[in-house]
$ cat coords_39.json   # JSON, C-alpha atoms
[["chain", "number", "residue", "atom", "x", "y", "z"],
["A", 14, "MET", "CA", 2.57, -19.45, 0.04],
["A", 15, "LYS", "CA", 3.93, -16.99, 2.59],
["A", 16, "ILE", "CA", 3.66, -13.22, 2.10],
["A", 17, "LEU", "CA", 5.03, -10.40, 4.26],
["A", 18, "ILE", "CA", 3.54, -6.89, 4.33],
["A", 19, "GLY", "CA", 5.41, -3.97, 5.87],
["A", 20, "THR", "CA", 2.74, -2.79, 8.29],
["A", 21, "LYS", "CA", 0.74, -3.81, 11.34],
["A", 22, "ASN", "CA", -2.24, -1.70, 10.19],
["A", 23, "PRO", "CA", -5.24, -4.07, 10.09],
["A", 24, "GLY", "CA", -6.94, -2.18, 7.23],
["A", 25, "LYS", "CA", -3.86, -2.37, 5.00],
["A", 26, "ILE", "CA", -3.34, -6.06, 5.80],
["A", 27, "GLN", "CA", -6.99, -6.82, 5.01],
["A", 28, "GLY", "CA", -6.79, -4.88, 1.73],
["A", 29, "ALA", "CA", -3.75, -6.92, 0.68],
["A", 30, "LYS", "CA", -5.53, -10.18, 1.61],
["A", 31, "GLU", "CA", -8.57, -9.22, -0.46],
["A", 32, "ALA", "CA", -6.37, -8.38, -3.45],
["A", 33, "PHE", "CA", -4.46, -11.67, -3.33],
["A", 34, "GLN", "CA", -7.69, -13.71, -2.82],
["A", 35, "ASN", "CA", -8.64, -12.82, -6.38],
["A", 36, "TYR", "CA", -5.67, -14.79, -7.73],
["A", 37, "PHE", "CA", -4.43, -17.28, -5.14],
["A", 38, "ASP", "CA", -6.11, -19.93, -3.04],
["A", 39, "ASP", "CA", -3.54, -20.87, -0.44],
["A", 40, "PHE", "CA", -1.54, -18.05, 1.14],
["A", 41, "GLU", "CA", -0.78, -16.43, 4.45],
["A", 42, "ILE", "CA", -0.02, -12.73, 4.95],
["A", 43, "GLU", "CA", 1.92, -11.61, 7.99],
["A", 44, "GLY", "CA", 2.28, -7.96, 8.96],
["A", 45, "VAL", "CA", 5.70, -6.81, 10.12],
["A", 46, "SER", "CA", 6.36, -3.30, 11.35],
["A", 47, "VAL", "CA", 9.16, -1.79, 9.27],
["A", 48, "SER", "CA", 10.21, 1.76, 8.55],
["A", 49, "SER", "CA", 9.29, 3.63, 5.39],
["A", 50, "ASP", "CA", 12.27, 5.96, 5.85],
["A", 51, "VAL", "CA", 10.12, 8.90, 4.67],
["A", 52, "GLY", "CA", 8.18, 11.54, 6.60],
["A", 53, "GLU", "CA", 4.86, 11.07, 8.36],
["A", 54, "GLU", "CA", 3.06, 12.51, 5.36],
["A", 55, "PRO", "CA", 4.97, 11.51, 2.22],
["A", 56, "VAL", "CA", 4.70, 13.93, -0.69],
["A", 57, "ASN", "CA", 5.03, 13.09, -4.40],
["A", 58, "GLN", "CA", 7.96, 10.72, -5.08],
["A", 59, "GLU", "CA", 8.29, 9.94, -1.35],
["A", 60, "ILE", "CA", 5.06, 7.90, -1.54],
["A", 61, "TYR", "CA", 6.60, 5.33, -3.88],
["A", 62, "GLU", "CA", 9.94, 5.51, -2.05],
["A", 63, "GLY", "CA", 8.24, 4.78, 1.29],
["A", 64, "ALA", "CA", 6.42, 1.71, -0.07],
["A", 65, "ARG", "CA", 9.60, 0.45, -1.77],
["A", 66, "ASN", "CA", 11.65, 1.03, 1.40],
["A", 67, "ARG", "CA", 9.17, -1.06, 3.39],
["A", 68, "VAL", "CA", 9.56, -3.90, 0.89],
["A", 69, "ASN", "CA", 13.35, -3.73, 1.00],
["A", 70, "HIS", "CA", 13.32, -3.78, 4.81],
["A", 71, "LEU", "CA", 11.05, -6.83, 4.72],
["A", 72, "MET", "CA", 13.46, -8.63, 2.42],
["A", 73, "GLN", "CA", 16.28, -7.94, 4.89],
["A", 74, "TYR", "CA", 14.06, -9.13, 7.76],
["A", 75, "ALA", "CA", 13.28, -12.39, 5.93],
["A", 76, "GLU", "CA", 16.95, -12.99, 5.16],
["A", 77, "LEU", "CA", 18.02, -12.35, 8.76],
["A", 78, "ASN", "CA", 15.31, -14.69, 10.05],
["A", 79, "ASN", "CA", 15.85, -17.34, 7.37],
["A", 80, "LEU", "CA", 12.23, -17.11, 6.13],
["A", 81, "ASP", "CA", 11.00, -18.52, 2.83],
["A", 82, "ILE", "CA", 8.77, -15.73, 1.49],
["A", 83, "GLU", "CA", 7.17, -15.63, -1.96],
["A", 84, "TYR", "CA", 6.06, -11.96, -1.97],
["A", 85, "PHE", "CA", 7.03, -8.83, -0.08],
["A", 86, "LEU", "CA", 4.45, -6.02, 0.08],
["A", 87, "GLY", "CA", 4.66, -2.36, 0.95],
["A", 88, "VAL", "CA", 1.98, 0.29, 0.76],
["A", 89, "GLU", "CA", 2.28, 3.99, 1.49],
["A", 90, "SER", "CA", -0.34, 6.69, 1.52],
["A", 91, "GLY", "CA", 0.61, 10.25, 0.76],
["A", 92, "MET", "CA", -0.23, 13.48, -0.96],
["A", 93, "THR", "CA", 0.70, 14.41, -4.51],
["A", 94, "ASN", "CA", 0.12, 17.33, -6.84],
["A", 95, "LEU", "CA", 1.87, 15.80, -9.84],
["A", 96, "LEU", "CA", -1.26, 16.37, -11.94],
["A", 97, "GLY", "CA", -1.67, 19.97, -10.82],
["A", 98, "ARG", "CA", -4.09, 19.46, -7.91],
["A", 99, "TRP", "CA", -3.53, 17.89, -4.50],
["A", 100, "VAL", "CA", -4.82, 14.35, -3.95],
["A", 101, "ILE", "CA", -4.26, 11.58, -1.43],
["A", 102, "VAL", "CA", -3.20, 8.30, -3.03],
["A", 103, "ASN", "CA", -1.95, 4.87, -1.99],
["A", 104, "ILE", "CA", 0.98, 3.29, -3.80],
["A", 105, "ALA", "CA", 1.55, -0.44, -3.40],
["A", 106, "VAL", "CA", 4.87, -2.12, -4.21],
["A", 107, "ILE", "CA", 5.27, -5.88, -4.62],
["A", 108, "LYS", "CA", 8.54, -7.75, -4.98],
["A", 109, "ASP", "CA", 8.69, -11.48, -5.50],
["A", 110, "LYS", "CA", 11.36, -13.69, -3.96],
["A", 111, "ASP", "CA", 13.49, -13.20, -7.10],
["A", 112, "GLY", "CA", 13.43, -9.42, -6.65],
["A", 113, "TYR", "CA", 11.02, -8.61, -9.50],
["A", 114, "GLU", "CA", 9.21, -5.41, -8.54],
["A", 115, "SER", "CA", 5.92, -3.98, -9.68],
["A", 116, "TRP", "CA", 3.78, -1.20, -8.27],
["A", 117, "GLY", "CA", 0.30, 0.24, -8.55],
["A", 118, "PHE", "CA", -1.87, 3.14, -7.45],
["A", 119, "GLY", "CA", -5.16, 2.98, -5.60],
["A", 120, "PRO", "CA", -8.00, 5.44, -6.03],
["A", 121, "ALA", "CA", -7.05, 9.03, -5.24],
["A", 122, "PHE", "CA", -9.25, 11.65, -3.61],
["A", 123, "PRO", "CA", -8.92, 15.44, -3.72],
["A", 124, "VAL", "CA", -7.64, 17.52, -0.82],
["A", 125, "PRO", "CA", -9.17, 20.98, -0.27],
["A", 126, "GLU", "CA", -6.47, 23.63, -0.53],
["A", 127, "ARG", "CA", -7.24, 24.85, 3.02],
["A", 128, "TYR", "CA", -5.99, 21.52, 4.48],
["A", 129, "VAL", "CA", -2.87, 20.98, 2.33],
["A", 130, "GLN", "CA", -0.34, 22.76, 4.56],
["A", 131, "GLU", "CA", -1.76, 21.32, 7.78],
["A", 132, "ILE", "CA", -1.55, 17.80, 6.34],
["A", 133, "MET", "CA", 2.05, 18.42, 5.24],
["A", 134, "ASP", "CA", 2.95, 19.78, 8.68],
["A", 135, "THR", "CA", 1.39, 16.84, 10.59],
["A", 136, "ASP", "CA", -0.23, 14.01, 8.64],
["A", 137, "LEU", "CA", -3.56, 13.14, 7.05],
["A", 138, "GLY", "CA", -4.66, 10.95, 9.96],
["A", 139, "LYS", "CA", -4.31, 13.74, 12.51],
["A", 140, "VAL", "CA", -6.16, 16.22, 10.29],
["A", 141, "MET", "CA", -8.97, 13.74, 9.61],
["A", 142, "ASP", "CA", -9.27, 12.89, 13.32],
["A", 143, "LYS", "CA", -9.59, 16.60, 14.08],
["A", 144, "ILE", "CA", -12.10, 17.32, 11.30],
["A", 145, "PHE", "CA", -14.33, 14.33, 12.09],
["A", 146, "LYS", "CA", -13.77, 14.43, 15.87],
["A", 147, "GLN", "CA", -12.45, 10.86, 15.87],
["A", 148, "ASN", "CA", -9.49, 9.02, 17.33],
["A", 149, "ASP", "CA", -7.09, 7.04, 15.09],
["A", 150, "LEU", "CA", -9.22, 6.80, 11.94],
["A", 151, "ARG", "CA", -6.16, 5.57, 10.05],
["A", 152, "SER", "CA", -6.13, 2.22, 11.86],
["A", 153, "GLY", "CA", -9.68, 1.32, 10.95],
["A", 154, "MET", "CA", -11.70, 2.10, 7.85],
["A", 155, "GLY", "CA", -9.79, 5.35, 7.33],
["A", 156, "GLY", "CA", -10.91, 8.92, 6.84],
["A", 157, "ILE", "CA", -12.00, 8.01, 3.32],
["A", 158, "SER", "CA", -14.92, 6.08, 4.82],
["A", 159, "PHE", "CA", -16.17, 9.34, 6.33],
["A", 160, "LEU", "CA", -15.60, 11.26, 3.10],
["A", 161, "THR", "CA", -17.46, 8.69, 0.96],
["A", 162, "ARG", "CA", -20.13, 8.01, 3.59],
["A", 163, "ASP", "CA", -18.97, 4.41, 3.97],
["A", 164, "VAL", "CA", -18.92, 3.59, 0.25],
["A", 165, "ILE", "CA", -15.12, 3.24, 0.06],
["A", 166, "SER", "CA", -12.81, 2.33, 2.94],
["A", 167, "ARG", "CA", -9.07, 2.27, 3.49],
["A", 168, "ILE", "CA", -9.32, -1.48, 2.88],
["A", 169, "ASP", "CA", -10.79, -0.80, -0.58],
["A", 170, "GLN", "CA", -8.09, 1.73, -1.46],
["A", 171, "THR", "CA", -5.33, -0.66, -0.42],
["A", 172, "LYS", "CA", -6.95, -3.61, -2.19],
["A", 173, "GLU", "CA", -7.16, -1.70, -5.47],
["A", 174, "ALA", "CA", -3.54, -0.54, -5.25],
["A", 175, "PHE", "CA", -2.35, -4.12, -4.71],
["A", 176, "ILE", "CA", -4.50, -5.44, -7.55],
["A", 177, "MET", "CA", -2.86, -2.90, -9.87],
["A", 178, "ALA", "CA", 0.58, -3.94, -8.63],
["A", 179, "LEU", "CA", -0.29, -7.62, -9.14],
["A", 180, "THR", "CA", -1.02, -7.13, -12.85],
["A", 181, "GLN", "CA", 2.64, -7.71, -13.70],
["A", 182, "HIS", "CA", 2.88, -10.76, -11.45],
["A", 183, "ILE", "CA", -0.13, -12.57, -12.89],
["A", 184, "ASN", "CA", 0.15, -11.70, -16.60],
["A", 185, "GLU", "CA", 3.18, -12.86, -18.56],
["A", 186, "ILE", "CA", 2.48, -10.53, -21.46],
["A", 187, "TRP", "CA", 2.23, -7.49, -19.16],
["A", 188, "SER", "CA", 5.47, -8.12, -17.29],
["A", 189, "ASP", "CA", 9.08, -7.12, -17.78],
["A", 190, "LYS", "CA", 10.23, -10.15, -15.81],
["A", 191, "LYS", "CA", 12.62, -12.22, -17.92],
["A", 192, "GLU", "CA", 12.03, -15.48, -16.14],
["A", 193, "LYS", "CA", 9.02, -17.46, -17.41],
["A", 194, "GLN", "CA", 7.63, -18.48, -14.03],
["A", 195, "TYR", "CA", 4.26, -16.77, -13.98],
["A", 196, "LEU", "CA", 1.39, -17.58, -11.74],
["A", 197, "VAL", "CA", -2.08, -18.14, -13.11],
["A", 198, "LYS", "CA", -5.42, -17.43, -11.54],
["A", 199, "LYS", "CA", -6.54, -20.19, -9.22]]
$ encode --input "coords_39.json" --output "structure tokens"
Amino acid sequence: MKILIGTKNPGKIQGAKEAFQNYFDDFEIEGVSVSSDVGEEPVNQEIYEGARNRVNHLMQYAELNNLDIEYFLGVESGMTNLLGRWVIVNIAVIKDKDGYESWGFGPAFPVPERYVQEIMDTDLGKVMDKIFKQNDLRSGMGGISFLTRDVISRIDQTKEAFIMALTQHINEIWSDKKEKQYLVKK
């Protein structure tokens, strides 16, 4: 089974692999750099829109290149205050080859008010690099690994978001998909 994910970020690709390993034995995930069509630091609804845009661009890429792909994956990290306080969250979107879409959230972590505007003006990665005196934290374990003292990584956050998105692809009773082609665990 072939899967495309709309990123070249090794941590996000690994998180997706770890999520799919829970349910499938034989698959290959390829990262393709595609645009999210949202800002560097997506806010609120833009987080979902960015992940969905990545998926849609992947579907176009597969069609143009005549690729047989089972799943298209997009994940976007951003900042939201939809519950009244600012948090950073990952949203994963999965579309199957028939166009059925599901999505899920990963764990969210709070943002101190003093960093909110700076993150909005630049992006979380740049702020984390500055705070922790690092270079390109976003490409590795992520700033969350510093915040949790290596208990949770960017890989973990991405994995959890994709597992939540997979719930509708692996459970017939929890899906709105009309077609009765559901995959079962290994």
$ atom_distance --input "coords_39.json" --atom1 "atom CA of Gly112 of chain A" --atom2 "atom CA of Val88 of chain A"
16.7 Å
$ closest_residue --input "coords_39.json" --among "A:Asn103, A:Asn57, A:Thr135, A:Asn184" --to "Ala121 of chain A" --atoms "only C-alpha atoms"
A:Asn103
$ residues_around --input "coords_39.json" --residues "Ile16 of chain A" --least-positions-apart "3" --cutoff "8 Å" --atoms "only C-alpha atoms" --output "PyMOL selection string"
chain A and resi 40-43+82-86
$ closest_residue --input "coords_39.json" --among "A:His182, A:Arg98, A:Arg167, A:Lys146" --to "Ser115 of chain A" --atoms "all atoms listed in the file"
A:His182
$ residues_around --input "coords_39.json" --residues "Asp136 of chain A" --least-positions-apart "4" --cutoff "6 Å" --atoms "all atoms listed in the file" --output "ChimeraX atom specification"
/A:53-54,132
$ atom_distance --input "coords_39.json" --atom1 "atom CA of Arg127 of chain A" --atom2 "atom CA of Lys25 of chain A"
27.5 Å
$ atom_distance --input "coords_39.json" --atom1 "atom CA of Val47 of chain A" --atom2 "atom CA of Ala75 of chain A"
11.9 Å
$ closest_residue --input "coords_39.json" --among "A:Met141, A:Val106, A:Leu179, A:Ile26" --to "Gly44 of chain A" --atoms "all atoms listed in the file"
A:Ile26
$ closest_residue --input "coords_39.json" --among "A:Tyr74, A:Phe33, A:Tyr128, A:Phe159" --to "Thr180 of chain A" --atoms "all atoms listed in the file"
A:Phe33
$ closest_residue --input "coords_39.json" --among "A:Asp81, A:Lys15, A:Gly119, A:Pro125" --to "Asp169 of chain A" --atoms "only C-alpha atoms"
A:Gly119
$ residues_around --input "coords_39.json" --residues "Glu31 of chain A" --least-positions-apart "4" --cutoff "12 Å" --atoms "all atoms listed in the file" --output "VMD selection string"
chain A and resid 24 to 27 35 to 38 40 to 42 168 to 176
$ write_last_selection --input "coords_39.json" --atoms "C-alpha atoms" --output "short mmCIF file (atom, residue, chain, number, x, y, z; two decimals), in the coordinates of the input"
data_model
loop_
_atom_site.label_atom_id
_atom_site.label_comp_id
_atom_site.auth_asym_id
_atom_site.auth_seq_id
_atom_site.Cartn_x
_atom_site.Cartn_y
_atom_site.Cartn_z
CA GLY A 24 -6.94 -2.18 7.23
CA LYS A 25 -3.86 -2.37 5.00
CA ILE A 26 -3.34 -6.06 5.80
CA GLN A 27 -6.99 -6.82 5.01
CA ASN A 35 -8.64 -12.82 -6.38
CA TYR A 36 -5.67 -14.79 -7.73
CA PHE A 37 -4.43 -17.28 -5.14
CA ASP A 38 -6.11 -19.93 -3.04
CA PHE A 40 -1.54 -18.05 1.14
CA GLU A 41 -0.78 -16.43 4.45
CA ILE A 42 -0.02 -12.73 4.95
CA ILE A 168 -9.32 -1.48 2.88
CA ASP A 169 -10.79 -0.80 -0.58
CA GLN A 170 -8.09 1.73 -1.46
CA THR A 171 -5.33 -0.66 -0.42
CA LYS A 172 -6.95 -3.61 -2.19
CA GLU A 173 -7.16 -1.70 -5.47
CA ALA A 174 -3.54 -0.54 -5.25
CA PHE A 175 -2.35 -4.12 -4.71
CA ILE A 176 -4.50 -5.44 -7.55
#
$ residues_around --input "coords_39.json" --residues "Pro123 of chain A" --least-positions-apart "6" --cutoff "10 Å" --atoms "all atoms listed in the file" --output "list in words"
Met92, Thr93, Asn94, Arg98, Trp99, Val100, Ile101 and Val102 of chain A
$ decode --input "coords_39.json" --residues "segment 51-108 of chain A" --atoms "C-alpha atoms" --output "PDB file, in the first residue's frame"
ATOM      1  CA  VAL A  51      -1.677  29.246   4.870  1.00  0.00           C
ATOM      2  CA  GLY A  52       0.749  31.429   6.820  1.00  0.00           C
ATOM      3  CA  GLU A  53       3.933  30.291   8.534  1.00  0.00           C
ATOM      4  CA  GLU A  54       2.082  30.094  11.835  1.00  0.00           C
ATOM      5  CA  PRO A  55      -1.502  29.026  11.138  1.00  0.00           C
ATOM      6  CA  VAL A  56      -4.080  30.280  13.627  1.00  0.00           C
ATOM      7  CA  ASN A  57      -7.413  28.631  14.493  1.00  0.00           C
ATOM      8  CA  GLN A  58      -9.259  27.394  11.367  1.00  0.00           C
ATOM      9  CA  GLU A  59      -6.120  27.849   9.241  1.00  0.00           C
ATOM     10  CA  ILE A  60      -4.564  24.813  10.969  1.00  0.00           C
ATOM     11  CA  TYR A  61      -7.166  22.438   9.534  1.00  0.00           C
ATOM     12  CA  GLU A  62      -7.201  24.309   6.220  1.00  0.00           C
ATOM     13  CA  GLY A  63      -3.417  23.964   5.887  1.00  0.00           C
ATOM     14  CA  ALA A  64      -3.496  20.204   6.502  1.00  0.00           C
ATOM     15  CA  ARG A  65      -6.433  19.763   4.101  1.00  0.00           C
ATOM     16  CA  ASN A  66      -4.709  21.891   1.439  1.00  0.00           C
ATOM     17  CA  ARG A  67      -1.617  19.687   1.668  1.00  0.00           C
ATOM     18  CA  VAL A  68      -3.781  16.604   1.094  1.00  0.00           C
ATOM     19  CA  ASN A  69      -5.533  18.164  -1.890  1.00  0.00           C
ATOM     20  CA  HIS A  70      -2.198  19.166  -3.437  1.00  0.00           C
ATOM     21  CA  LEU A  71      -0.955  15.596  -2.961  1.00  0.00           C
ATOM     22  CA  MET A  72      -3.999  14.238  -4.756  1.00  0.00           C
ATOM     23  CA  GLN A  73      -3.260  16.553  -7.696  1.00  0.00           C
ATOM     24  CA  TYR A  74       0.402  15.480  -7.628  1.00  0.00           C
ATOM     25  CA  ALA A  75      -0.580  11.792  -7.733  1.00  0.00           C
ATOM     26  CA  GLU A  76      -2.987  12.378 -10.611  1.00  0.00           C
ATOM     27  CA  LEU A  77      -0.411  14.327 -12.631  1.00  0.00           C
ATOM     28  CA  ASN A  78       2.192  11.612 -12.052  1.00  0.00           C
ATOM     29  CA  ASN A  79      -0.215   8.710 -12.589  1.00  0.00           C
ATOM     30  CA  LEU A  80       0.452   7.268  -9.103  1.00  0.00           C
ATOM     31  CA  ASP A  81      -1.728   4.653  -7.419  1.00  0.00           C
ATOM     32  CA  ILE A  82      -2.015   5.956  -3.851  1.00  0.00           C
ATOM     33  CA  GLU A  83      -4.253   4.513  -1.125  1.00  0.00           C
ATOM     34  CA  TYR A  84      -3.984   7.372   1.407  1.00  0.00           C
ATOM     35  CA  PHE A  85      -3.042  11.035   1.285  1.00  0.00           C
ATOM     36  CA  LEU A  86      -1.853  12.646   4.534  1.00  0.00           C
ATOM     37  CA  GLY A  87      -1.457  16.221   5.656  1.00  0.00           C
ATOM     38  CA  VAL A  88      -0.519  17.552   9.063  1.00  0.00           C
ATOM     39  CA  GLU A  89      -0.293  21.153  10.194  1.00  0.00           C
ATOM     40  CA  SER A  90       0.810  22.623  13.477  1.00  0.00           C
ATOM     41  CA  GLY A  91      -0.571  25.922  14.637  1.00  0.00           C
ATOM     42  CA  MET A  92      -1.893  28.022  17.450  1.00  0.00           C
ATOM     43  CA  THR A  93      -5.504  28.205  18.575  1.00  0.00           C
ATOM     44  CA  ASN A  94      -7.472  29.945  21.290  1.00  0.00           C
ATOM     45  CA  LEU A  95     -10.824  28.390  20.426  1.00  0.00           C
ATOM     46  CA  LEU A  96     -11.174  27.189  24.029  1.00  0.00           C
ATOM     47  CA  GLY A  97     -10.251  30.548  25.521  1.00  0.00           C
ATOM     48  CA  ARG A  98      -6.514  30.026  26.035  1.00  0.00           C
ATOM     49  CA  TRP A  99      -3.698  29.765  23.497  1.00  0.00           C
ATOM     50  CA  VAL A 100      -2.331  26.304  22.712  1.00  0.00           C
ATOM     51  CA  ILE A 101      -0.217  24.735  19.993  1.00  0.00           C
ATOM     52  CA  VAL A 102      -1.878  21.758  18.328  1.00  0.00           C
ATOM     53  CA  ASN A 103      -1.332  19.447  15.365  1.00  0.00           C
ATOM     54  CA  ILE A 104      -4.221  18.604  13.063  1.00  0.00           C
ATOM     55  CA  ALA A 105      -3.882  15.602  10.762  1.00  0.00           C
ATOM     56  CA  VAL A 106      -6.069  15.082   7.691  1.00  0.00           C
ATOM     57  CA  ILE A 107      -6.354  11.767   5.855  1.00  0.00           C
ATOM     58  CA  LYS A 108      -8.116  11.189   2.549  1.00  0.00           C
TER      59      LYS A 108
END
